[in-house]
Every structure is written in structure tokens, then in C-alpha cells.
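Next up, final-v5.json (JSON, C-alpha atoms):
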[["chain", "number", "residue", "atom", "x", "y", "z"],
["A", 217, "GLY", "CA", 11.61, -24.51, -13.48],
["A", 218, "MET", "CA", 11.86, -21.13, -11.81],
["A", 219, "PRO", "CA", 14.14, -18.35, -13.01],
["A", 220, "ASN", "CA", 17.20, -17.54, -11.01],
["A", 221, "ILE", "CA", 16.53, -15.38, -8.03],
["A", 222, "CYS", "CA", 18.81, -12.47, -7.19],
["A", 223, "LYS", "CA", 19.30, -11.76, -3.53],
["A", 224, "ARG", "CA", 21.36, -8.73, -2.52],
["A", 225, "MET", "CA", 23.84, -9.63, 0.18],
["A", 226, "TRP", "CA", 26.58, -7.63, 1.87],
["A", 227, "GLY", "CA", 29.67, -7.65, -0.29],
["A", 228, "GLY", "CA", 27.94, -8.08, -3.61],
["A", 229, "TRP", "CA", 25.42, -10.16, -5.50],
["A", 230, "VAL", "CA", 24.88, -13.83, -5.02],
["A", 231, "ILE", "CA", 22.86, -15.76, -7.59],
["A", 232, "VAL", "CA", 21.06, -18.74, -6.10],
["A", 233, "ALA", "CA", 18.51, -21.16, -7.49],
["A", 234, "ALA", "CA", 15.06, -20.10, -6.46],
["A", 235, "VAL", "CA", 13.37, -22.47, -4.09],
["A", 236, "LEU", "CA", 10.39, -20.58, -2.74],
["A", 237, "ALA", "CA", 8.91, -22.32, 0.25],
["A", 238, "SER", "CA", 5.88, -20.96, 2.02],
["A", 239, "PHE", "CA", 6.99, -19.65, 5.38],
["A", 240, "THR", "CA", 5.74, -17.18, 7.94],
["A", 241, "THR", "CA", 6.99, -13.64, 8.15],
["A", 242, "ALA", "CA", 7.69, -11.83, 11.38],
["A", 243, "ALA", "CA", 4.33, -10.13, 11.01],
["A", 244, "GLY", "CA", 2.70, -13.55, 11.23],
["A", 245, "GLY", "CA", 1.24, -13.81, 7.70],
["A", 246, "ALA", "CA", 2.17, -16.18, 4.92],
["A", 247, "THR", "CA", 4.84, -14.93, 2.56],
["A", 248, "VAL", "CA", 3.59, -13.31, -0.62],
["A", 249, "ARG", "CA", 5.39, -14.58, -3.71],
["A", 250, "THR", "CA", 6.11, -11.82, -6.21],
["A", 251, "LEU", "CA", 7.89, -12.12, -9.55],
["A", 252, "VAL", "CA", 9.80, -8.97, -10.54],
["A", 253, "VAL", "CA", 10.70, -8.84, -14.24],
["A", 254, "VAL", "CA", 13.38, -6.31, -15.27],
["A", 255, "ASP", "CA", 14.95, -5.16, -18.57],
["A", 256, "GLU", "CA", 18.43, -4.94, -17.13],
["A", 257, "MET", "CA", 19.98, -6.49, -14.07],
["A", 258, "SER", "CA", 21.02, -2.98, -13.01],
["A", 259, "VAL", "CA", 17.41, -2.28, -11.96],
["A", 260, "PRO", "CA", 17.74, -4.10, -8.60],
["A", 261, "THR", "CA", 20.58, -1.67, -7.84],
["A", 262, "THR", "CA", 19.01, 1.53, -9.19],
["A", 263, "HIS", "CA", 15.63, 0.68, -7.60],
["A", 264, "SER", "CA", 16.91, -1.04, -4.45],
["A", 265, "GLN", "CA", 14.86, 1.02, -1.98],
["A", 266, "PHE", "CA", 11.57, 0.19, -3.70],
["A", 267, "LEU", "CA", 12.42, -3.53, -3.76],
["A", 268, "ALA", "CA", 13.49, -3.36, -0.10],
["A", 269, "ALA", "CA", 10.12, -1.75, 0.71],
["A", 270, "LEU", "CA", 8.35, -4.67, -0.98],
["A", 271, "GLU", "CA", 10.37, -7.14, 1.08],
["A", 272, "ALA", "CA", 9.48, -5.20, 4.24],
["A", 273, "GLN", "CA", 5.80, -5.56, 3.28],
["A", 274, "GLY", "CA", 6.22, -9.35, 3.32],
["A", 275, "HIS", "CA", 7.02, -10.12, -0.31],
["A", 276, "SER", "CA", 9.43, -12.89, -1.23],
["A", 277, "LEU", "CA", 10.90, -11.48, -4.44],
["A", 278, "THR", "CA", 12.07, -13.46, -7.42],
["A", 279, "ILE", "CA", 13.96, -11.06, -9.69],
["A", 280, "ALA", "CA", 14.36, -12.22, -13.27],
["A", 281, "LYS", "CA", 15.61, -10.67, -16.50],
["A", 282, "ALA", "CA", 12.96, -10.42, -19.21],
["A", 283, "ASP", "CA", 14.84, -12.75, -21.55],
["A", 284, "ASP", "CA", 15.32, -15.51, -18.94],
["A", 285, "SER", "CA", 14.51, -18.76, -20.75],
["A", 286, "GLU", "CA", 12.84, -20.13, -17.61],
["A", 287, "LEU", "CA", 10.52, -17.15, -17.18],
["A", 288, "GLY", "CA", 6.89, -17.95, -16.41],
["A", 289, "LEU", "CA", 4.11, -17.46, -13.88],
["A", 290, "LEU", "CA", 3.07, -21.11, -13.88],
["A", 291, "GLN", "CA", 5.02, -23.76, -12.01],
["A", 292, "LEU", "CA", 4.05, -27.39, -12.58],
["A", 293, "GLY", "CA", 0.64, -26.33, -13.85],
["A", 294, "GLU", "CA", -0.15, -24.05, -10.89],
["A", 295, "TRP", "CA", 0.45, -20.36, -10.34],
["A", 296, "GLY", "CA", 3.89, -20.00, -8.78],
["A", 297, "TYR", "CA", 3.32, -16.39, -7.74],
["A", 298, "ASP", "CA", 0.71, -14.15, -6.14],
["A", 299, "ASN", "CA", 1.86, -10.95, -7.87],
["A", 300, "LEU", "CA", 3.77, -9.78, -10.93],
["A", 301, "ALA", "CA", 5.81, -6.56, -11.04],
["A", 302, "LEU", "CA", 6.60, -5.85, -14.69],
["A", 303, "LEU", "CA", 9.48, -3.35, -14.42],
["A", 304, "ALA", "CA", 10.67, -3.96, -17.98],
["A", 305, "PRO", "CA", 9.31, -1.17, -20.19],
["A", 306, "SER", "CA", 11.55, -1.95, -23.16],
["A", 307, "ALA", "CA", 11.14, -5.73, -23.30],
["A", 308, "GLN", "CA", 8.96, -6.64, -26.28],
["A", 309, "GLU", "CA", 9.59, -10.38, -26.10],
["A", 310, "PHE", "CA", 9.97, -12.38, -22.93],
["A", 311, "GLY", "CA", 11.71, -15.67, -22.30],
["A", 312, "GLY", "CA", 9.96, -18.86, -21.25],
["A", 313, "THR", "CA", 6.15, -18.88, -21.26],
["A", 314, "LEU", "CA", 5.57, -15.27, -20.15],
["A", 315, "ASP", "CA", 3.46, -13.32, -22.64],
["A", 316, "ALA", "CA", 0.40, -11.07, -22.60],
["A", 317, "GLY", "CA", -1.93, -14.06, -22.66],
["A", 318, "GLU", "CA", -0.32, -15.60, -19.59],
["A", 319, "VAL", "CA", -0.52, -12.25, -17.76],
["A", 320, "LYS", "CA", -4.23, -12.02, -18.65],
["A", 321, "ARG", "CA", -4.91, -15.52, -17.30],
["A", 322, "PHE", "CA", -2.93, -14.59, -14.17],
["A", 323, "MET", "CA", -5.23, -11.60, -13.60],
["A", 324, "ASP", "CA", -8.30, -13.66, -14.51],
["A", 325, "SER", "CA", -7.33, -15.93, -11.60],
["A", 326, "GLY", "CA", -7.60, -12.96, -9.21],
["A", 327, "ARG", "CA", -3.89, -12.15, -8.97],
["A", 328, "ASN", "CA", -2.27, -8.71, -9.16],
["A", 329, "VAL", "CA", -0.01, -6.97, -11.66],
["A", 330, "LEU", "CA", 2.02, -3.75, -11.36],
["A", 331, "VAL", "CA", 3.38, -2.35, -14.64],
["A", 332, "ALA", "CA", 5.93, 0.45, -15.13],
["A", 333, "LEU", "CA", 6.23, 2.09, -18.55],
["A", 334, "ALA", "CA", 8.69, 4.49, -20.21],
["A", 335, "PRO", "CA", 8.27, 6.86, -23.18],
["A", 336, "GLU", "CA", 10.70, 5.00, -25.45],
["A", 337, "GLY", "CA", 9.81, 1.55, -24.11],
["A", 338, "ALA", "CA", 7.77, -0.40, -26.66],
["A", 339, "GLY", "CA", 7.46, -3.40, -24.38],
["A", 340, "MET", "CA", 4.59, -5.69, -23.48],
["A", 341, "GLY", "CA", 3.69, -3.51, -20.52],
["A", 342, "ARG", "CA", 1.72, -1.23, -22.84],
["A", 343, "GLU", "CA", -0.37, -4.21, -23.98],
["A", 344, "VAL", "CA", -1.01, -5.24, -20.37],
["A", 345, "ALA", "CA", -2.04, -1.66, -19.51],
["A", 346, "GLN", "CA", -4.46, -1.65, -22.44],
["A", 347, "MET", "CA", -5.99, -4.92, -21.20],
["A", 348, "CYS", "CA", -6.89, -2.93, -18.09],
["A", 349, "ASP", "CA", -8.38, -0.08, -20.20],
["A", 350, "ILE", "CA", -5.45, 2.19, -19.37],
["A", 351, "THR", "CA", -4.21, 3.60, -22.68],
["A", 352, "ALA", "CA", -0.60, 4.79, -22.88],
["A", 353, "ASP", "CA", 0.50, 7.54, -25.24],
["A", 354, "GLY", "CA", 2.29, 6.40, -28.40],
["A", 355, "LEU", "CA", 5.99, 5.60, -28.53],
["A", 356, "GLY", "CA", 7.98, 8.67, -27.58],
["A", 357, "GLY", "CA", 4.94, 10.33, -25.99],
["A", 358, "THR", "CA", 6.13, 12.09, -22.84],
["A", 359, "VAL", "CA", 4.37, 14.14, -20.17],
["A", 360, "GLN", "CA", 5.41, 17.80, -20.40],
["A", 361, "ASP", "CA", 4.52, 20.65, -18.10],
["A", 362, "HIS", "CA", 5.86, 24.12, -18.83],
["A", 363, "PHE", "CA", 4.74, 25.39, -15.42],
["A", 364, "GLY", "CA", 5.00, 22.37, -13.11],
["A", 365, "PHE", "CA", 8.52, 21.20, -13.94],
["A", 366, "ASP", "CA", 11.22, 20.56, -11.36],
["A", 367, "GLY", "CA", 14.20, 22.85, -10.82],
["A", 368, "GLU", "CA", 16.54, 20.06, -11.98],
["A", 369, "ASP", "CA", 14.75, 19.74, -15.34],
["A", 370, "ASP", "CA", 17.05, 19.82, -18.40],
["A", 371, "GLY", "CA", 14.95, 22.34, -20.31],
["A", 372, "SER", "CA", 12.56, 19.81, -21.88],
["A", 373, "HIS", "CA", 10.06, 20.34, -19.03],
["A", 374, "THR", "CA", 9.59, 16.57, -18.71],
["A", 375, "LEU", "CA", 10.89, 16.22, -15.14],
["A", 376, "ILE", "CA", 7.70, 17.20, -13.38],
["A", 377, "VAL", "CA", 6.43, 17.40, -9.81],
["A", 378, "SER", "CA", 2.86, 16.26, -9.32],
["A", 379, "ASN", "CA", 0.52, 16.82, -6.41],
["A", 380, "GLY", "CA", -2.42, 15.51, -8.43],
["A", 381, "PHE", "CA", -3.40, 12.84, -5.94],
["A", 382, "GLY", "CA", -6.70, 11.12, -6.70],
["A", 383, "ASP", "CA", -9.48, 10.96, -4.11],
["A", 384, "THR", "CA", -8.27, 7.53, -3.03],
["A", 385, "PRO", "CA", -7.79, 7.50, 0.77],
["A", 386, "THR", "CA", -7.83, 3.69, 0.76],
["A", 387, "ILE", "CA", -4.76, 3.71, -1.47],
["A", 388, "LEU", "CA", -2.92, 6.85, -0.35],
["A", 389, "ASP", "CA", -3.40, 6.65, 3.39],
["A", 390, "LYS", "CA", 0.17, 7.58, 4.36],
["A", 391, "GLY", "CA", 0.05, 10.65, 2.17],
["A", 392, "ALA", "CA", 3.01, 11.82, 0.10],
["A", 393, "LYS", "CA", 4.92, 14.76, 1.49],
["A", 394, "ALA", "CA", 4.11, 18.28, 0.42],
["A", 395, "GLY", "CA", 6.93, 18.14, -2.12],
["A", 396, "GLY", "CA", 4.85, 15.99, -4.42],
["A", 397, "VAL", "CA", 5.86, 13.08, -6.62],
["A", 398, "LEU", "CA", 8.77, 13.43, -9.04],
["A", 399, "PHE", "CA", 7.81, 11.90, -12.39],
["A", 400, "ARG", "CA", 9.33, 11.55, -15.83],
["A", 401, "GLY", "CA", 7.51, 9.26, -18.21],
["A", 402, "VAL", "CA", 4.62, 8.55, -20.53],
["A", 403, "GLY", "CA", 1.13, 9.94, -20.06],
["A", 404, "MET", "CA", -1.94, 7.72, -20.07],
["A", 405, "ALA", "CA", -5.70, 8.12, -20.37],
["A", 406, "ASN", "CA", -8.95, 6.30, -19.62],
["A", 407, "ILE", "CA", -10.24, 6.80, -23.16],
["A", 408, "MET", "CA", -12.77, 3.96, -22.73],
["A", 409, "GLU", "CA", -14.17, 5.82, -19.69],
["A", 410, "ASN", "CA", -14.19, 2.54, -17.80],
["A", 411, "PRO", "CA", -15.67, 3.29, -14.34],
["A", 412, "LEU", "CA", -13.40, 0.62, -12.82],
["A", 413, "VAL", "CA", -10.27, 2.63, -13.74],
["A", 414, "ILE", "CA", -8.98, 4.65, -10.77],
["A", 415, "PRO", "CA", -6.90, 7.82, -11.34],
["A", 416, "ILE", "CA", -4.29, 7.67, -8.56],
["A", 417, "LEU", "CA", -1.88, 10.37, -9.73],
["A", 418, "THR", "CA", -2.69, 12.90, -12.45],
["A", 419, "ALA", "CA", -0.79, 15.72, -14.12],
["A", 420, "SER", "CA", -1.53, 19.40, -13.51],
["A", 421, "SER", "CA", -3.90, 21.54, -15.57],
["A", 422, "SER", "CA", -0.92, 22.89, -17.55],
["A", 423, "ALA", "CA", 0.45, 19.46, -18.54],
["A", 424, "TYR", "CA", -0.06, 17.31, -21.61],
["A", 425, "THR", "CA", 1.45, 14.22, -23.21],
["A", 426, "SER", "CA", 2.96, 14.18, -26.70],
["A", 427, "LYS", "CA", 6.23, 13.57, -28.53],
["A", 428, "LEU", "CA", 8.88, 16.13, -27.63],
["A", 429, "SER", "CA", 9.49, 16.94, -31.29],
["A", 430, "GLU", "CA", 5.85, 17.71, -32.02],
["A", 431, "PRO", "CA", 3.85, 20.81, -31.03],
["A", 432, "LEU", "CA", 0.79, 20.27, -28.87],
["A", 433, "SER", "CA", -2.21, 19.48, -31.04],
["A", 434, "ASP", "CA", -5.84, 18.57, -30.59],
["A", 435, "GLY", "CA", -4.77, 15.01, -31.36],
["A", 436, "ALA", "CA", -2.86, 14.67, -28.06],
["A", 437, "LEU", "CA", -3.96, 11.60, -26.10],
["A", 438, "ALA", "CA", -4.55, 13.65, -22.95],
["A", 439, "GLN", "CA", -4.22, 17.19, -21.69],
["A", 440, "GLY", "CA", -4.39, 18.73, -18.24],
["A", 441, "THR", "CA", -5.70, 16.75, -15.31],
["A", 442, "ARG", "CA", -7.09, 14.08, -17.65],
["A", 443, "THR", "CA", -3.46, 13.03, -18.14],
["A", 444, "LEU", "CA", -2.96, 9.96, -15.96],
["A", 445, "LEU", "CA", 0.50, 9.41, -14.46],
["A", 446, "VAL", "CA", -0.49, 6.43, -12.31],
["A", 447, "ALA", "CA", -3.78, 4.57, -12.61],
["A", 448, "ALA", "CA", -5.28, 1.25, -11.62],
["A", 449, "MET", "CA", -8.17, -1.01, -12.40],
["A", 450, "GLN", "CA", -9.68, -3.35, -9.85],
["A", 451, "ALA", "CA", -11.48, -6.05, -11.77],
["A", 452, "LYS", "CA", -14.73, -7.62, -10.63],
["A", 453, "ASN", "CA", -12.74, -10.67, -9.45],
["A", 454, "ASN", "CA", -10.71, -8.29, -7.21],
["A", 455, "ALA", "CA", -7.53, -8.62, -9.27],
["A", 456, "ARG", "CA", -5.66, -5.31, -9.22],
["A", 457, "CYS", "CA", -3.88, -3.97, -12.29],
["A", 458, "THR", "CA", -1.77, -0.90, -11.50],
["A", 459, "VAL", "CA", 0.14, 1.07, -14.14],
["A", 460, "SER", "CA", 2.75, 3.80, -13.73],
["A", 461, "GLY", "CA", 3.86, 5.77, -16.77],
["A", 462, "SER", "CA", 7.31, 6.04, -15.18],
["A", 463, "LEU", "CA", 9.78, 3.39, -14.05],
["A", 464, "GLU", "CA", 12.03, 6.20, -12.79],
["A", 465, "MET", "CA", 9.35, 7.18, -10.29],
["A", 466, "PHE", "CA", 10.33, 4.08, -8.25],
["A", 467, "SER", "CA", 14.10, 4.70, -8.47],
["A", 468, "ASP", "CA", 16.48, 5.43, -5.61],
["A", 469, "ALA", "CA", 17.40, 8.70, -7.33],
["A", 470, "PHE", "CA", 13.77, 9.87, -7.28],
["A", 471, "PHE", "CA", 13.19, 8.52, -3.74],
["A", 472, "ASN", "CA", 16.17, 10.54, -2.48],
["A", 473, "ALA", "CA", 15.52, 13.64, -4.58],
["A", 474, "GLN", "CA", 14.95, 17.13, -3.31],
["A", 475, "VAL", "CA", 12.26, 18.70, -5.47],
["A", 476, "SER", "CA", 11.43, 22.32, -6.16],
["A", 477, "PRO", "CA", 7.76, 22.54, -7.16],
["A", 478, "GLY", "CA", 7.32, 25.63, -9.32],
["A", 479, "GLY", "CA", 11.08, 26.15, -9.26],
["A", 480, "GLU", "CA", 11.08, 27.48, -5.68],
["A", 481, "GLY", "CA", 12.76, 26.01, -2.61],
["A", 482, "LYS", "CA", 13.85, 22.43, -2.03],
["A", 483, "VAL", "CA", 11.81, 19.81, -0.19],
["A", 484, "PRO", "CA", 12.11, 16.01, -0.12],
["A", 485, "SER", "CA", 10.13, 14.24, -2.84],
["A", 486, "GLY", "CA", 7.09, 12.21, -1.80],
["A", 487, "ASN", "CA", 8.08, 9.31, -4.05],
["A", 488, "ARG", "CA", 8.94, 6.89, -1.25],
["A", 489, "GLU", "CA", 5.68, 7.33, 0.67],
["A", 490, "PHE", "CA", 3.65, 7.34, -2.53],
["A", 491, "SER", "CA", 5.32, 4.18, -3.86],
["A", 492, "GLU", "CA", 4.90, 2.35, -0.56],
["A", 493, "ASP", "CA", 1.21, 3.28, -0.40],
["A", 494, "LEU", "CA", 0.74, 2.34, -4.03],
["A", 495, "SER", "CA", 2.42, -1.06, -3.78],
["A", 496, "GLU", "CA", 0.59, -2.00, -0.56],
["A", 497, "TRP", "CA", -2.70, -1.47, -2.34],
["A", 498, "ALA", "CA", -1.58, -2.82, -5.73],
["A", 499, "PHE", "CA", -0.58, -6.15, -4.21],
["A", 500, "GLY", "CA", -3.60, -6.53, -1.94],
["A", 501, "ARG", "CA", -1.88, -5.70, 1.35],
["A", 502, "LYS", "CA", -4.59, -3.17, 2.22],
["A", 503, "GLY", "CA", -8.03, -2.06, 1.08],
["A", 504, "VAL", "CA", -9.30, -5.63, 1.24],
["A", 505, "LEU", "CA", -12.51, -6.59, 3.02],
["A", 506, "ARG", "CA", -12.85, -10.01, 4.62],
["A", 507, "ILE", "CA", -15.43, -11.81, 6.72],
["A", 508, "SER", "CA", -14.04, -12.99, 10.04],
["A", 509, "GLY", "CA", -15.72, -15.62, 12.16],
["A", 510, "GLU", "CA", -18.87, -17.38, 11.03],
["A", 511, "LEU", "CA", -21.67, -16.12, 8.86],
["A", 512, "SER", "CA", -24.98, -16.61, 10.67],
["A", 513, "TYR", "CA", -28.49, -16.28, 9.29],
["A", 514, "ARG", "CA", -32.11, -16.60, 10.39],
["A", 515, "VAL", "CA", -35.54, -16.15, 8.96],
["A", 516, "ALA", "CA", -36.78, -12.60, 9.57],
["A", 517, "GLY", "CA", -38.73, -12.47, 12.83],
["A", 518, "SER", "CA", -37.43, -15.87, 14.01],
["A", 519, "ALA", "CA", -34.93, -16.44, 16.83],
["A", 520, "GLU", "CA", -33.60, -19.71, 15.35],
["A", 521, "ARG", "CA", -30.04, -19.33, 14.08],
["A", 522, "ASN", "CA", -28.91, -21.09, 10.91],
["A", 523, "PRO", "CA", -32.05, -23.18, 10.32],
["A", 524, "ALA", "CA", -31.48, -26.38, 8.36],
["A", 525, "THR", "CA", -34.21, -25.56, 5.84],
["A", 526, "LEU", "CA", -35.42, -22.37, 4.20],
["A", 527, "ARG", "CA", -38.56, -21.84, 2.12],
["A", 528, "ILE", "CA", -38.63, -19.99, -1.19],
["A", 529, "GLY", "CA", -39.86, -16.44, -0.64],
["A", 530, "GLU", "CA", -38.80, -16.21, 3.02],
["A", 531, "GLU", "CA", -36.85, -13.12, 4.00],
["A", 532, "VAL", "CA", -33.48, -14.06, 5.51],
["A", 533, "GLU", "CA", -31.30, -11.88, 7.73],
["A", 534, "ALA", "CA", -27.56, -12.58, 7.66],
["A", 535, "GLU", "CA", -24.94, -11.38, 10.10],
["A", 536, "ALA", "CA", -21.19, -11.32, 9.63],
["A", 537, "THR", "CA", -18.18, -9.38, 10.88],
["A", 538, "VAL", "CA", -16.49, -7.56, 8.01],
["A", 539, "GLU", "CA", -13.01, -6.11, 8.64]]
Take the structure from the file and write it as C-alpha cells.
Amino acid sequence: GMPNICKRMWGGWVIVAAVLASFTTAAGGATVRTLVVVDEMSVPTTHSQFLAALEAQGHSLTIAKADDSELGLLQLGEWGYDNLALLAPSAQEFGGTLDAGEVKRFMDSGRNVLVALAPEGAGMGREVAQMCDITADGLGGTVQDHFGFDGEDDGSHTLIVSNGFGDTPTILDKGAKAGGVLFRGVGMANIMENPLVIPILTASSSAYTSKLSEPLSDGALAQGTRTLLVAAMQAKNNARCTVSGSLEMFSDAFFNAQVSPGGEGKVPSGNREFSEDLSEWAFGRKGVLRISGELSYRVAGSAERNPATLRIGEEVEAEATVE
């Protein structure tokens, strides 16, 4: 069966059995079924604005705790969801059938996964990221920037403000505000140099990722702009695997924050716009090409459309509307 679904209602939380029927949203498209797995049931409260943004994009959310005994992506032998949001950086073992192998098969079927990590979180999300050739720093590894930290930083220089937006206009078409994205988390790298890995948000040239207790060494996973904060891999079957080194990046606190890049002035963080852009792309709500209408073809030089027979070696011209 399906895990319990949490729906926030006025006056508190109501737990109801999940019965996800396919219905039409106000926008006119079929509902997108998305499983959100969390470490703690406080996450729907601390990250309520991000989850509300997903609902506004047309997602029907099933929110389940990582140890839910009914947890799984398959329902009666078929995929019960279109997307998985793995917001459980500390969960090493999951309930039900959910494991790294099931997530891999889910992506192999062309479905999408969004993973959020944390420096001290040893959970399965790191394994999923590695499947997508996005390598997270070791346990405790944290992005530090002694020049690009936020004014509210506690002295560890781990609360950073990044404007390192990748050249990805298809993904970041709203554009985060000038304040940049507030980030505290683990750094990542494309050490396999996989050309399918997309750097969406990177650290500044003065940043690096390592354990707080250790001095920077040549053995650091990544330094400078090679330090990935958010990255993605679009597989050849169009499945999208998106990884953020920070769960906090999606939190209400970071959405509502006033940031001071370089320690000067206060401007609203760009986390909300960035996260909305990111999730729209991550879950296939934009940046997708499709053929509308009919595909027509003819032999080169001939006026006959869609001939019943074609000969080997003939040049064929095809026409289609791609949008």
C-alpha cells in the first residue's frame, strides 16, 4: 500500500490515507504524483513554502517519513509516482521497498529524482548522487568561504551567499535576485568529468569543501568554482537527477532571509526564485521538447506526403512541429 499522506490544513495536521487519483489541475494538465521522503515530520513545517511551491506547480504530494514501513515507489507492480524528492539526508535505511536499487530503476524508467544532502547526513542520498556521477564530499565535509560568507554567519564561514549561477537559461529562467542564494551544506564535484552533469550553482573562487576541523589541503574534493553546490544530470532517457548539497537551502528560514553578500547591506535572498526554477526543471515542468501534431514525411523531390512504401537508399524529408 501507499504511505500515509500528510496534508496541511488550517488548524493543524490531518493524517489521511493516501488515495491518489489522477485528476486535472486548474492549469488543465494531469496531476504529477511526487513522493517526498523526509527524515523528520518537522520538515513539512520548516520547508512549507517549498512544498507549497511544488503544489502550485501541479504536484500532488505524498509526504512520508523515511522509516515508513509502507514506503516504496512501486504500487501493485507499477510506478506509483512520477517524481521522488529525497529530503532525508540522514536516513541510511528506508522502510518498505525503497532503496538505492529501486531509485535507480525509477530513473531508468525515465522518472525524476531530486536529492538534498547535509554535511553530517550519511544517508542514501549520497549513493543516489553518486549514481548520477555527482560526488559529495566525505561525511562532515562542508563548504567554507572566508570571503563570501553571510553577515549572519556564526564565525565558521559556512553560511555562504552564492551568485555562481551556471550558464543554464533553460533552468534558471526566472533568475534569482541580486542577493544570491543562501547556502549551508556539503560541497560536490564532477570528478568523473561526465559531460551530462550540469553545474547549476557553484561556489565562489575563494570557497572550498572540507571538514571544519581540518586545514585546507590538496586532498580537498573541490576548491573554488569547481565546488558544486547544486548540480544535475539529465540521462539519455531524459530522466533528471538533481542534487543539492543543502537541505536548508529549501527552508522557509532561507526563503525569508535577508542576506548580506560580502557582509554589506541587506537584500532578500534569491532562494525562493532559485528553488522554484530548479524544481520546475528537475521535475520536467519545463525545458522539455515535444512534437505536436503529426509527423509527415516524403521522398526528397516528391510532392507525395507519407508514401506507403519507401526504398532503401532514398532520401526522406520529415516535418514536425517541435515546441
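Every protein, DNA or RNA residue with an atom at most 7 Å from A:Leu398, where all atoms listed in the file count and chain neighbours fewer than 4 positions away do not, is listed here: Ile376, Val377, Ser378, Met465, Phe470, Ser485 and Asn487 of chain A.
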Suppose we keep C-alpha atoms; can you now write the selection as an mmCIF file, in the frame of the given file?
data_model
loop_
_atom_site.group_PDB
_atom_site.id
_atom_site.type_symbol
_atom_site.label_atom_id
_atom_site.label_comp_id
_atom_site.auth_asym_id
_atom_site.auth_seq_id
_atom_site.Cartn_x
_atom_site.Cartn_y
_atom_site.Cartn_z
ATOM 1 C CA ILE A 376 7.700 17.200 -13.380
ATOM 2 C CA VAL A 377 6.430 17.400 -9.810
ATOM 3 C CA SER A 378 2.860 16.260 -9.320
ATOM 4 C CA MET A 465 9.350 7.180 -10.290
ATOM 5 C CA PHE A 470 13.770 9.870 -7.280
ATOM 6 C CA SER A 485 10.130 14.240 -2.840
ATOM 7 C CA ASN A 487 8.080 9.310 -4.050
#
> Leaving out stretch 305-321 of chain A and any residue of its chain fewer than 5 positions from it, which residues lie within 10 Å of it when counting all atoms listed in the file, given as an MDAnalysis selection string?
Replying inline: chainID A and resid 217:219 253:256 281:290 300 326:329 331:344 347:348 461:463
The selected residues should be written to file as a PDB file, in the frame of the given file (atoms: C-alpha atoms).
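Written out: selection_27.pdb:
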ATOM      1  CA  GLY A 217      11.610 -24.510 -13.480  1.00  0.00           C
ATOM      2  CA  MET A 218      11.860 -21.130 -11.810  1.00  0.00           C
ATOM      3  CA  PRO A 219      14.140 -18.350 -13.010  1.00  0.00           C
ATOM      4  CA  VAL A 253      10.700  -8.840 -14.240  1.00  0.00           C
ATOM      5  CA  VAL A 254      13.380  -6.310 -15.270  1.00  0.00           C
ATOM      6  CA  ASP A 255      14.950  -5.160 -18.570  1.00  0.00           C
ATOM      7  CA  GLU A 256      18.430  -4.940 -17.130  1.00  0.00           C
ATOM      8  CA  LYS A 281      15.610 -10.670 -16.500  1.00  0.00           C
ATOM      9  CA  ALA A 282      12.960 -10.420 -19.210  1.00  0.00           C
ATOM     10  CA  ASP A 283      14.840 -12.750 -21.550  1.00  0.00           C
ATOM     11  CA  ASP A 284      15.320 -15.510 -18.940  1.00  0.00           C
ATOM     12  CA  SER A 285      14.510 -18.760 -20.750  1.00  0.00           C
ATOM     13  CA  GLU A 286      12.840 -20.130 -17.610  1.00  0.00           C
ATOM     14  CA  LEU A 287      10.520 -17.150 -17.180  1.00  0.00           C
ATOM     15  CA  GLY A 288       6.890 -17.950 -16.410  1.00  0.00           C
ATOM     16  CA  LEU A 289       4.110 -17.460 -13.880  1.00  0.00           C
ATOM     17  CA  LEU A 290       3.070 -21.110 -13.880  1.00  0.00           C
ATOM     18  CA  LEU A 300       3.770  -9.780 -10.930  1.00  0.00           C
ATOM     19  CA  GLY A 326      -7.600 -12.960  -9.210  1.00  0.00           C
ATOM     20  CA  ARG A 327      -3.890 -12.150  -8.970  1.00  0.00           C
ATOM     21  CA  ASN A 328      -2.270  -8.710  -9.160  1.00  0.00           C
ATOM     22  CA  VAL A 329      -0.010  -6.970 -11.660  1.00  0.00           C
ATOM     23  CA  VAL A 331       3.380  -2.350 -14.640  1.00  0.00           C
ATOM     24  CA  ALA A 332       5.930   0.450 -15.130  1.00  0.00           C
ATOM     25  CA  LEU A 333       6.230   2.090 -18.550  1.00  0.00           C
ATOM     26  CA  ALA A 334       8.690   4.490 -20.210  1.00  0.00           C
ATOM     27  CA  PRO A 335       8.270   6.860 -23.180  1.00  0.00           C
ATOM     28  CA  GLU A 336      10.700   5.000 -25.450  1.00  0.00           C
ATOM     29  CA  GLY A 337       9.810   1.550 -24.110  1.00  0.00           C
ATOM     30  CA  ALA A 338       7.770  -0.400 -26.660  1.00  0.00           C
ATOM     31  CA  GLY A 339       7.460  -3.400 -24.380  1.00  0.00           C
ATOM     32  CA  MET A 340       4.590  -5.690 -23.480  1.00  0.00           C
ATOM     33  CA  GLY A 341       3.690  -3.510 -20.520  1.00  0.00           C
ATOM     34  CA  ARG A 342       1.720  -1.230 -22.840  1.00  0.00           C
ATOM     35  CA  GLU A 343      -0.370  -4.210 -23.980  1.00  0.00           C
ATOM     36  CA  VAL A 344      -1.010  -5.240 -20.370  1.00  0.00           C
ATOM     37  CA  MET A 347      -5.990  -4.920 -21.200  1.00  0.00           C
ATOM     38  CA  CYS A 348      -6.890  -2.930 -18.090  1.00  0.00           C
ATOM     39  CA  GLY A 461       3.860   5.770 -16.770  1.00  0.00           C
ATOM     40  CA  SER A 462       7.310   6.040 -15.180  1.00  0.00           C
ATOM     41  CA  LEU A 463       9.780   3.390 -14.050  1.00  0.00           C
TER      42      LEU A 463
END
> Which is closer to A:Pro477 than all the others in A:Val397, A:Ala304, A:Ala455, A:Leu526, using only C-alpha atoms?
Replying inline: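 Smallest separation from A:Pro477 among the options: A:Val397.
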> Can you tell me, as a list in words, what residues are no more than 12 Å from A:Glu430 when counting all atoms listed in the file, ignoring any on the same chain fewer than 6 positions away?
Replying inline: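 So the residues in contact are Gly356, Gly357, Thr358, Gln360, Tyr424 and Ala436 of chain A.
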>> Between A:Gly354, A:Gly503, A:Gly371, A:Pro431, which residue has the minimum interatomic distance to A:Ala405, considering all atoms listed in the file?
In response: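 Under the stated criterion, the closest residue is A:Gly354.
Restricting the calculation to only C-alpha atoms, the smallest distance between A:Thr384 and any of A:Val259, A:Ile407, A:Leu355, A:Leu494 is found for A:Leu494.
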>> Using all atoms listed in the file for the distances, tell me which of A:Met323, A:Leu375, A:Ala352, A:Val515 is nearest to A:Ala451.
In response: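 Of A:Met323, A:Leu375, A:Ala352, A:Val515, the one nearest A:Ala451 is A:Met323, counting all atoms listed in the file.
Minimum atom-to-atom distances from A:Leu412, A:Val402, A:Leu303, A:Cys457 to A:Phe499 were compared using only C-alpha atoms, and the lowest value belongs to A:Cys457.
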> What is the distance between atom CA of A:Ala419 and atom CA of A:Gln265, in Å to one decimal?
Replying inline: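 For atom CA of A:Ala419 relative to atom CA of A:Gln265, the distance reads 24.7 Å.
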> Pick the closest to A:His362 from A:Ala473, A:Leu302, A:Ile350, A:Ala423: which is it, counting only C-alpha atoms?
Replying inline: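 Closest candidate: A:Ala423.
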> In Å, with one decimal, what is the gap from atom CA of A:Gln273 to atom CA of A:Arg456?
Replying inline: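 Distance reported for this atom pair: 17.0 Å.
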>> What does the structure give for the distance between atom CA of A:Val446 and atom CA of A:Leu251, in Å to one decimal?
In response: 20.5 Å
